[in-house]
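Shown next: final30.pdb, given as PDB, C-alpha atoms, pLDDT in the B column.
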ATOM      1  CA  MET A   5      99.222 109.898 127.181  1.00 75.00           C
ATOM      2  CA  ILE A   6      99.158 106.394 125.677  1.00 84.00           C
ATOM      3  CA  PRO A   7     102.059 105.707 123.287  1.00 85.00           C
ATOM      4  CA  GLN A   8     100.839 104.895 119.788  1.00 80.00           C
ATOM      5  CA  TRP A   9     102.586 101.531 119.900  1.00 84.00           C
ATOM      6  CA  LYS A  10     100.725 100.385 123.024  1.00 92.00           C
ATOM      7  CA  LEU A  11      97.724  98.275 121.998  1.00 93.00           C
ATOM      8  CA  TYR A  12      96.940  96.195 125.073  1.00 94.00           C
ATOM      9  CA  PRO A  13      96.190  97.530 128.569  1.00 94.00           C
ATOM     10  CA  ARG A  14      96.780  94.109 130.164  1.00 90.00           C
ATOM     11  CA  SER A  15      99.809  91.868 129.815  1.00 86.00           C
ATOM     12  CA  GLN A  16      97.720  88.796 130.736  1.00 85.00           C
ATOM     13  CA  GLY A  17      95.630  88.774 127.567  1.00 85.00           C
ATOM     14  CA  HIS A  18      95.031  90.384 124.215  1.00 93.00           C
ATOM     15  CA  SER A  19      91.249  90.441 124.016  1.00 96.00           C
ATOM     16  CA  THR A  20      91.169  94.090 125.126  1.00 97.00           C
ATOM     17  CA  VAL A  21      92.733  96.955 123.192  1.00 97.00           C
ATOM     18  CA  TYR A  22      93.167 100.667 123.558  1.00 97.00           C
ATOM     19  CA  LEU A  23      90.799 101.593 120.756  1.00 97.00           C
ATOM     20  CA  GLN A  24      92.557 104.818 119.875  1.00 96.00           C
ATOM     21  CA  ASN A  25      95.619 102.849 118.791  1.00 96.00           C
ATOM     22  CA  VAL A  26      93.871 100.397 116.453  1.00 96.00           C
ATOM     23  CA  VAL A  27      91.641 102.804 114.515  1.00 97.00           C
ATOM     24  CA  THR A  28      93.049 104.233 111.284  1.00 95.00           C
ATOM     25  CA  ASP A  29      89.987 105.864 109.681  1.00 96.00           C
ATOM     26  CA  PRO A  30      90.260 109.654 110.227  1.00 96.00           C
ATOM     27  CA  SER A  31      86.469 109.913 110.460  1.00 97.00           C
ATOM     28  CA  ILE A  32      86.572 107.754 113.621  1.00 98.00           C
ATOM     29  CA  GLN A  33      87.841 109.710 116.626  1.00 98.00           C
ATOM     30  CA  VAL A  34      88.511 107.920 119.912  1.00 98.00           C
ATOM     31  CA  GLY A  35      89.640 109.451 123.192  1.00 97.00           C
ATOM     32  CA  GLU A  36      92.485 108.234 125.348  1.00 96.00           C
ATOM     33  CA  TYR A  37      92.135 105.096 127.483  1.00 97.00           C
ATOM     34  CA  THR A  38      88.892 103.988 125.831  1.00 98.00           C
ATOM     35  CA  ILE A  39      88.930 100.192 125.600  1.00 98.00           C
ATOM     36  CA  TYR A  40      87.241  97.592 123.426  1.00 98.00           C
ATOM     37  CA  ASP A  41      87.071  93.926 124.452  1.00 98.00           C
ATOM     38  CA  ASP A  42      86.302  91.115 122.014  1.00 97.00           C
ATOM     39  CA  PHE A  43      86.519  87.419 122.877  1.00 96.00           C
ATOM     40  CA  VAL A  44      85.063  86.326 119.514  1.00 96.00           C
ATOM     41  CA  ASN A  45      87.067  88.318 116.962  1.00 97.00           C
ATOM     42  CA  ASP A  46      90.403  90.084 117.021  1.00 97.00           C
ATOM     43  CA  PRO A  47      89.658  93.386 118.809  1.00 97.00           C
ATOM     44  CA  ARG A  48      92.098  95.132 116.475  1.00 97.00           C
ATOM     45  CA  ASP A  49      89.469  94.655 113.735  1.00 97.00           C
ATOM     46  CA  PHE A  50      86.948  96.909 115.508  1.00 98.00           C
ATOM     47  CA  GLN A  51      86.861  99.342 112.608  1.00 96.00           C
ATOM     48  CA  ARG A  52      85.838  96.626 110.142  1.00 96.00           C
ATOM     49  CA  ASN A  53      83.597  94.473 112.355  1.00 98.00           C
ATOM     50  CA  ASN A  54      81.852  97.001 114.563  1.00 98.00           C
ATOM     51  CA  VAL A  55      81.528 100.244 112.602  1.00 98.00           C
ATOM     52  CA  LEU A  56      79.049  99.255 109.904  1.00 98.00           C
ATOM     53  CA  TYR A  57      77.632 100.933 106.784  1.00 96.00           C
ATOM     54  CA  HIS A  58      80.176 103.697 107.322  1.00 96.00           C
ATOM     55  CA  TYR A  59      80.964 104.923 103.816  1.00 92.00           C
ATOM     56  CA  PRO A  60      82.834 108.076 102.748  1.00 91.00           C
ATOM     57  CA  VAL A  61      79.931 109.294 100.608  1.00 90.00           C
ATOM     58  CA  ASN A  62      78.061 110.348 103.780  1.00 92.00           C
ATOM     59  CA  ARG A  63      80.953 112.229 105.409  1.00 93.00           C
ATOM     60  CA  GLU A  64      79.755 111.036 108.792  1.00 96.00           C
ATOM     61  CA  ARG A  65      81.818 110.627 111.952  1.00 98.00           C
ATOM     62  CA  LEU A  66      82.031 108.299 114.916  1.00 98.00           C
ATOM     63  CA  VAL A  67      83.278 110.268 117.924  1.00 98.00           C
ATOM     64  CA  ILE A  68      83.984 108.398 121.174  1.00 98.00           C
ATOM     65  CA  GLY A  69      85.261 110.112 124.311  1.00 98.00           C
ATOM     66  CA  LYS A  70      87.843 109.129 126.898  1.00 98.00           C
ATOM     67  CA  PHE A  71      87.747 106.246 129.391  1.00 98.00           C
ATOM     68  CA  CYS A  72      84.864 104.466 127.673  1.00 98.00           C
ATOM     69  CA  SER A  73      84.381 100.690 127.983  1.00 98.00           C
ATOM     70  CA  ILE A  74      82.929  98.959 124.922  1.00 98.00           C
ATOM     71  CA  ALA A  75      81.949  95.309 125.268  1.00 98.00           C
ATOM     72  CA  CYS A  76      82.259  92.504 122.760  1.00 98.00           C
ATOM     73  CA  GLY A  77      80.039  92.756 119.697  1.00 98.00           C
ATOM     74  CA  ALA A  78      78.807  96.310 120.211  1.00 98.00           C
ATOM     75  CA  LYS A  79      77.905  97.803 116.829  1.00 98.00           C
ATOM     76  CA  PHE A  80      77.670 101.324 115.458  1.00 98.00           C
ATOM     77  CA  LEU A  81      75.255 101.384 112.491  1.00 98.00           C
ATOM     78  CA  PHE A  82      75.629 104.346 110.179  1.00 97.00           C
ATOM     79  CA  ASN A  83      73.364 106.027 107.673  1.00 95.00           C
ATOM     80  CA  SER A  84      73.803 103.690 104.723  1.00 94.00           C
ATOM     81  CA  ALA A  85      72.058 101.028 106.816  1.00 94.00           C
ATOM     82  CA  ASN A  86      68.887 103.130 106.448  1.00 93.00           C
ATOM     83  CA  HIS A  87      66.472 103.193 103.529  1.00 94.00           C
ATOM     84  CA  ALA A  88      64.724 106.422 102.574  1.00 93.00           C
ATOM     85  CA  LEU A  89      61.208 106.618 104.039  1.00 94.00           C
ATOM     86  CA  GLY A  90      59.990 109.595 102.006  1.00 93.00           C
ATOM     87  CA  PRO A  91      59.563 107.835  98.630  1.00 94.00           C
ATOM     88  CA  LEU A  92      56.687 105.494  97.875  1.00 95.00           C
ATOM     89  CA  THR A  93      59.125 102.563  97.992  1.00 96.00           C
ATOM     90  CA  THR A  94      61.969 101.658 100.326  1.00 95.00           C
ATOM     91  CA  TYR A  95      63.840  99.915  97.504  1.00 96.00           C
ATOM     92  CA  PRO A  96      67.210 101.729  97.106  1.00 95.00           C
ATOM     93  CA  PHE A  97      67.025 102.541  93.389  1.00 95.00           C
ATOM     94  CA  PRO A  98      69.697 105.320  93.600  1.00 94.00           C
ATOM     95  CA  LEU A  99      72.183 102.762  94.937  1.00 93.00           C
ATOM     96  CA  PHE A 100      71.882 100.789  91.703  1.00 95.00           C
ATOM     97  CA  PHE A 101      72.325 103.808  89.462  1.00 95.00           C
ATOM     98  CA  GLU A 102      73.959 101.780  86.661  1.00 95.00           C
ATOM     99  CA  GLU A 103      71.058  99.358  86.454  1.00 95.00           C
ATOM    100  CA  TRP A 104      68.455 102.147  86.292  1.00 95.00           C
ATOM    101  CA  ASP A 105      70.363 104.838  84.362  1.00 95.00           C
ATOM    102  CA  LEU A 106      70.347 107.233  87.310  1.00 94.00           C
ATOM    103  CA  ASP A 107      72.784 110.012  88.180  1.00 95.00           C
ATOM    104  CA  VAL A 108      75.504 108.709  90.537  1.00 94.00           C
ATOM    105  CA  ALA A 109      75.560 112.150  92.182  1.00 92.00           C
ATOM    106  CA  HIS A 110      72.242 111.218  93.826  1.00 93.00           C
ATOM    107  CA  LEU A 111      73.435 107.867  95.198  1.00 91.00           C
ATOM    108  CA  ALA A 112      72.988 108.978  98.809  1.00 92.00           C
ATOM    109  CA  ASP A 113      69.285 109.614  98.167  1.00 92.00           C
ATOM    110  CA  ALA A 114      68.854 105.863  98.703  1.00 92.00           C
ATOM    111  CA  TRP A 115      68.902 106.350 102.474  1.00 93.00           C
ATOM    112  CA  ASP A 116      67.953 108.854 105.161  1.00 93.00           C
ATOM    113  CA  ASN A 117      70.996 110.606 106.625  1.00 93.00           C
ATOM    114  CA  LYS A 118      70.640 111.162 110.365  1.00 95.00           C
ATOM    115  CA  GLY A 119      74.179 112.364 111.059  1.00 95.00           C
ATOM    116  CA  ASP A 120      77.093 111.377 113.258  1.00 97.00           C
ATOM    117  CA  ILE A 121      77.282 109.077 116.268  1.00 98.00           C
ATOM    118  CA  VAL A 122      78.775 110.854 119.288  1.00 98.00           C
ATOM    119  CA  VAL A 123      79.654 109.060 122.529  1.00 98.00           C
ATOM    120  CA  GLY A 124      80.758 111.021 125.587  1.00 98.00           C
ATOM    121  CA  SER A 125      83.439 110.066 128.102  1.00 98.00           C
ATOM    122  CA  ASP A 126      83.217 107.367 130.807  1.00 98.00           C
ATOM    123  CA  VAL A 127      80.450 105.583 128.874  1.00 98.00           C
ATOM    124  CA  TRP A 128      79.940 101.825 129.246  1.00 98.00           C
ATOM    125  CA  ILE A 129      78.420 100.129 126.203  1.00 98.00           C
ATOM    126  CA  GLY A 130      77.263  96.592 126.952  1.00 98.00           C
ATOM    127  CA  TYR A 131      77.559  93.293 125.093  1.00 98.00           C
ATOM    128  CA  GLU A 132      76.156  93.380 121.542  1.00 98.00           C
ATOM    129  CA  ALA A 133      74.477  96.759 122.006  1.00 98.00           C
ATOM    130  CA  VAL A 134      73.612  98.601 118.785  1.00 98.00           C
ATOM    131  CA  ILE A 135      73.939 102.365 118.408  1.00 98.00           C
ATOM    132  CA  LEU A 136      72.171 103.905 115.415  1.00 98.00           C
ATOM    133  CA  ALA A 137      73.192 106.880 113.288  1.00 97.00           C
ATOM    134  CA  GLY A 138      72.395 110.324 114.660  1.00 97.00           C
ATOM    135  CA  VAL A 139      72.551 109.300 118.316  1.00 98.00           C
ATOM    136  CA  THR A 140      74.456 111.213 120.994  1.00 98.00           C
ATOM    137  CA  ILE A 141      75.277 109.416 124.254  1.00 98.00           C
ATOM    138  CA  GLY A 142      76.079 111.646 127.196  1.00 98.00           C
ATOM    139  CA  ASP A 143      79.042 111.358 129.558  1.00 98.00           C
ATOM    140  CA  GLY A 144      78.808 108.626 132.169  1.00 98.00           C
ATOM    141  CA  ALA A 145      75.894 106.801 130.533  1.00 98.00           C
ATOM    142  CA  ILE A 146      75.466 103.009 130.537  1.00 98.00           C
ATOM    143  CA  ILE A 147      74.018 101.119 127.555  1.00 98.00           C
ATOM    144  CA  GLY A 148      72.602  97.722 128.521  1.00 98.00           C
ATOM    145  CA  SER A 149      73.508  94.474 126.772  1.00 98.00           C
ATOM    146  CA  ARG A 150      71.790  94.048 123.391  1.00 98.00           C
ATOM    147  CA  ALA A 151      70.048  97.396 123.705  1.00 98.00           C
ATOM    148  CA  VAL A 152      69.198  99.148 120.434  1.00 98.00           C
ATOM    149  CA  VAL A 153      69.788 102.854 120.919  1.00 98.00           C
ATOM    150  CA  THR A 154      67.653 104.927 118.558  1.00 98.00           C
ATOM    151  CA  LYS A 155      67.529 108.203 120.507  1.00 98.00           C
ATOM    152  CA  ASP A 156      69.933 110.423 122.446  1.00 98.00           C
ATOM    153  CA  VAL A 157      70.911 109.248 125.936  1.00 98.00           C
ATOM    154  CA  PRO A 158      71.334 111.901 128.657  1.00 98.00           C
ATOM    155  CA  PRO A 159      74.497 111.928 130.791  1.00 98.00           C
ATOM    156  CA  TYR A 160      74.768 109.330 133.569  1.00 98.00           C
ATOM    157  CA  THR A 161      71.587 107.573 132.435  1.00 98.00           C
ATOM    158  CA  ILE A 162      71.217 103.786 132.274  1.00 98.00           C
ATOM    159  CA  VAL A 163      69.236 102.601 129.242  1.00 98.00           C
ATOM    160  CA  GLY A 164      68.225  99.166 128.026  1.00 98.00           C
ATOM    161  CA  GLY A 165      65.816  97.304 125.784  1.00 98.00           C
ATOM    162  CA  VAL A 166      64.659  97.379 122.177  1.00 98.00           C
ATOM    163  CA  PRO A 167      64.339 100.222 121.504  1.00 98.00           C
ATOM    164  CA  ALA A 168      66.456 101.427 124.419  1.00 98.00           C
ATOM    165  CA  ARG A 169      64.597 103.367 127.090  1.00 98.00           C
ATOM    166  CA  PRO A 170      65.824 105.102 130.258  1.00 98.00           C
ATOM    167  CA  ILE A 171      65.897 102.834 133.300  1.00 98.00           C
ATOM    168  CA  ARG A 172      67.275 105.276 135.861  1.00 98.00           C
ATOM    169  CA  LEU A 173      69.947 107.841 136.581  1.00 98.00           C
ATOM    170  CA  ARG A 174      73.158 106.400 137.987  1.00 97.00           C
ATOM    171  CA  PHE A 175      73.247 109.100 140.670  1.00 97.00           C
ATOM    172  CA  PRO A 176      70.993 111.883 141.982  1.00 97.00           C
ATOM    173  CA  GLN A 177      70.860 114.853 139.594  1.00 97.00           C
ATOM    174  CA  GLU A 178      72.926 116.996 141.958  1.00 97.00           C
ATOM    175  CA  THR A 179      75.742 114.422 141.842  1.00 98.00           C
ATOM    176  CA  VAL A 180      75.476 114.209 138.055  1.00 98.00           C
ATOM    177  CA  ASP A 181      75.806 117.984 137.780  1.00 98.00           C
ATOM    178  CA  ARG A 182      78.877 117.986 140.022  1.00 98.00           C
ATOM    179  CA  LEU A 183      80.535 115.204 138.011  1.00 98.00           C
ATOM    180  CA  LEU A 184      79.844 116.979 134.732  1.00 98.00           C
ATOM    181  CA  ALA A 185      81.400 120.123 136.149  1.00 97.00           C
ATOM    182  CA  LEU A 186      84.508 118.220 137.298  1.00 97.00           C
ATOM    183  CA  ARG A 187      85.137 116.414 133.983  1.00 98.00           C
ATOM    184  CA  TRP A 188      87.730 114.231 135.719  1.00 98.00           C
ATOM    185  CA  TRP A 189      88.445 112.417 132.443  1.00 98.00           C
ATOM    186  CA  ASP A 190      90.202 115.559 131.199  1.00 97.00           C
ATOM    187  CA  TRP A 191      92.585 115.676 134.157  1.00 97.00           C
ATOM    188  CA  PRO A 192      96.301 115.010 133.542  1.00 95.00           C
ATOM    189  CA  GLU A 193      97.585 111.524 134.301  1.00 94.00           C
ATOM    190  CA  GLU A 194      99.364 112.337 137.572  1.00 95.00           C
ATOM    191  CA  LYS A 195      96.293 114.091 138.933  1.00 96.00           C
ATOM    192  CA  LEU A 196      94.139 111.126 137.929  1.00 96.00           C
ATOM    193  CA  LYS A 197      96.440 108.707 139.724  1.00 95.00           C
ATOM    194  CA  ALA A 198      95.998 110.727 142.900  1.00 96.00           C
ATOM    195  CA  ALA A 199      92.223 110.784 142.346  1.00 96.00           C
ATOM    196  CA  LEU A 200      91.774 107.020 141.847  1.00 97.00           C
ATOM    197  CA  PRO A 201      90.994 106.218 145.513  1.00 96.00           C
ATOM    198  CA  ALA A 202      88.248 108.856 145.556  1.00 96.00           C
ATOM    199  CA  LEU A 203      86.882 107.783 142.166  1.00 96.00           C
ATOM    200  CA  GLN A 204      86.717 104.123 143.108  1.00 96.00           C
ATOM    201  CA  ALA A 205      85.297 104.790 146.560  1.00 96.00           C
ATOM    202  CA  GLY A 206      82.571 107.037 145.163  1.00 96.00           C
ATOM    203  CA  ASP A 207      83.797 109.902 147.353  1.00 96.00           C
ATOM    204  CA  LEU A 208      82.755 112.960 145.370  1.00 97.00           C
ATOM    205  CA  ASP A 209      83.609 115.447 148.140  1.00 96.00           C
ATOM    206  CA  ARG A 210      87.167 114.136 148.220  1.00 96.00           C
ATOM    207  CA  LEU A 211      87.355 114.193 144.415  1.00 96.00           C
ATOM    208  CA  GLU A 212      86.286 117.827 144.275  1.00 96.00           C
ATOM    209  CA  LYS A 213      89.015 118.793 146.747  1.00 94.00           C
ATOM    210  CA  LEU A 214      91.591 117.432 144.307  1.00 92.00           C
ATOM    211  CA  ASN A 215      90.354 119.665 141.492  1.00 88.00           C
TER
END

Write-out of the structure in structure tokens:
Amino acid sequence: MIPQWKLYPRSQGHSTVYLQNVVTDPSIQVGEYTIYDDFVNDPRDFQRNNVLYHYPVNRERLVIGKFCSIACGAKFLFNSANHALGPLTTYPFPLFFEEWDLDVAHLADAWDNKGDIVVGSDVWIGYEAVILAGVTIGDGAIIGSRAVVTKDVPPYTIVGGVPARPIRLRFPQETVDRLLALRWWDWPEEKLKAALPALQAGDLDRLEKLN
């Protein structure tokens, strides 16, 4: 378990932080050992600079699993970035309720609410990728640099482009199924230390014997 005071995983530099220990918003949940790197801004400001249009009125959540790697400039765009598509205009009249004598209780009618953003464990999100509201990213997935993710991403799938589309599975489906069954990211620290050689060598048979 990472102590709450520990912000930086490397003594050599402070561009990378353990994200769990810099987030204070209770509607943002981050798993252990997930890292965010930022060489442009202070990575401790992730909550302000990278989680956008995230307002309490929507009661939406950002949930990120364990052992994820999030690259500089990745953004999570929430529901208030949307405009409602059902009306005959996209102009957000309910947002300016004072100007138009509207009921503040209907403020959120100004945009379409697509729900939470949920990111699994061991996910790599590339440089300046954008994840939109309502998206779920499966365990082990990879999001390419500057991809715009508008739809769910299956586990261990590499996606890229605008909008992001599947490129390929990282491993054969049988291997994916075995990894999802193992859920190594939930193992205790001592067990993980023993498993590192197998994890880094890609030796799934050896990893399964440690379970």

Which residue of A:Asn215, A:Thr20, A:Asn53, A:Asn83 approaches Tyr40 in chain A most closely, using all atoms listed in the file: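 Nearest candidate to Tyr40 in chain A out of A:Asn215, A:Thr20, A:Asn53, A:Asn83: A:Thr20.
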
Length of the CA of Phe80 in chain A to CA of Phe43 in chain A vector [Å]: 18.1 Å

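Compared by their closest atoms to Trp188 in chain A, and using only C-alpha atoms, the residues A:Asp105, A:Asp209, A:Asp126, A:Asp156 rank with A:Asp126 nearest.
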
Can you build me a table of range 72-138 of chain A residues sitting at most 7 Å from range 143-150 of chain A, with the closest atom pair per residue and its distance in Å to one decimal, using only C-alpha atoms, sorted by chain and residue number, as a Markdown table?
| residue | atom | partner | partner_atom | distance |
| --- | --- | --- | --- | --- |
| A:Gly124 | CA | A:Asp143 | CA | 4.3 |
| A:Ser125 | CA | A:Asp143 | CA | 4.8 |
| A:Asp126 | CA | A:Gly144 | CA | 4.8 |
| A:Val127 | CA | A:Gly144 | CA | 4.8 |
| A:Trp128 | CA | A:Ile146 | CA | 4.8 |
| A:Ile129 | CA | A:Ile147 | CA | 4.7 |
| A:Gly130 | CA | A:Ser149 | CA | 4.3 |
| A:Tyr131 | CA | A:Ser149 | CA | 4.5 |
| A:Glu132 | CA | A:Arg150 | CA | 4.8 |
| A:Ala133 | CA | A:Arg150 | CA | 4.1 |
| A:Val134 | CA | A:Arg150 | CA | 6.7 |

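Distance check against His110 in chain A using all atoms listed in the file: of A:Val61, A:Ile135, A:Val152, A:Arg182, the minimum falls on A:Val61.
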
Selected residue, from A:His18, A:Gly206, A:Leu23, A:Ala137, that lies nearest to Ile6 in chain A when counting all atoms listed in the file: A:Leu23

Selection: 9 Å around Leu183 in chain A, all atoms listed in the file, excl. self and same-chain fewer than 3 positions, as an MDAnalysis selection string: chainID A and resid 144 178:180 186:188 208 212

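Atom to atom, CA of Pro7 in chain A and CA of Val27 in chain A stand 13.9 Å apart.
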
Residue among A:Asp116, A:Val163, A:Val157, A:Ile121 lying closest to Gly90 in chain A, counting only C-alpha atoms: A:Asp116

Distance of CA of Ile32 in chain A from CA of Pro159 in chain A, expressed in Å to one decimal place: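 CA of Ile32 in chain A lies at a distance of 21.4 Å from CA of Pro159 in chain A.
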
Expected residue set, 10 Å radius at (94.7, 113.1, 131.1), all atoms listed in the file, as a list in words: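 Applying the cut-off with all atoms listed in the file, one gets Met5, Ile6, Glu36, Tyr37, Lys70, Phe71, Trp188, Trp189, Asp190, Trp191, Pro192, Glu193, Glu194, Lys195, Leu196 and Lys197 of chain A.
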
Reference answer for the PyMOL selection byres ((chain A and resi 28) around 12), as an mmCIF file with C-alpha atoms, in the frame of the given file:
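result.cif, freshly written:
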data_model
loop_
_atom_site.group_PDB
_atom_site.id
_atom_site.type_symbol
_atom_site.label_atom_id
_atom_site.label_comp_id
_atom_site.auth_asym_id
_atom_site.auth_seq_id
_atom_site.Cartn_x
_atom_site.Cartn_y
_atom_site.Cartn_z
ATOM 1 C CA GLN A 8 100.839 104.895 119.788
ATOM 2 C CA LEU A 23 90.799 101.593 120.756
ATOM 3 C CA GLN A 24 92.557 104.818 119.875
ATOM 4 C CA ASN A 25 95.619 102.849 118.791
ATOM 5 C CA VAL A 26 93.871 100.397 116.453
ATOM 6 C CA VAL A 27 91.641 102.804 114.515
ATOM 7 C CA ASP A 29 89.987 105.864 109.681
ATOM 8 C CA PRO A 30 90.260 109.654 110.227
ATOM 9 C CA SER A 31 86.469 109.913 110.460
ATOM 10 C CA ILE A 32 86.572 107.754 113.621
ATOM 11 C CA GLN A 33 87.841 109.710 116.626
ATOM 12 C CA VAL A 34 88.511 107.920 119.912
ATOM 13 C CA ARG A 48 92.098 95.132 116.475
ATOM 14 C CA ASP A 49 89.469 94.655 113.735
ATOM 15 C CA PHE A 50 86.948 96.909 115.508
ATOM 16 C CA GLN A 51 86.861 99.342 112.608
ATOM 17 C CA ARG A 52 85.838 96.626 110.142
#

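Remark: for Arg63 in chain A, the closest of the candidate residues A:Asp120, A:Asp181, A:Asp46, A:Asp113 is A:Asp120 (distances computed over only C-alpha atoms).
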
Residue IDs satisfying the PyMOL selection byres ((chain A and resi 174) around 7), as a list in words: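 This file gives the following for the PyMOL selection byres ((chain A and resi 174) around 7): Tyr160, Thr161, Ile162, Arg172, Leu173 and Phe175 of chain A.
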
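Using the PyMOL selection byres ((chain A and resi 62) around 8) on the file at hand returns these residues: His58, Tyr59, Pro60, Val61, Arg63, Glu64, Asn83, Ser84, Ala112 and Asn117 of chain A.
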
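The protein and nucleic acid residues lying at most 7 Å from Val123 in chain A are Val67, Ile68, Gly69, Ile121, Ser125, Thr140, Ile141 and Gly142 of chain A, with all atoms listed in the file considered and sequence neighbours fewer than 2 positions away removed.
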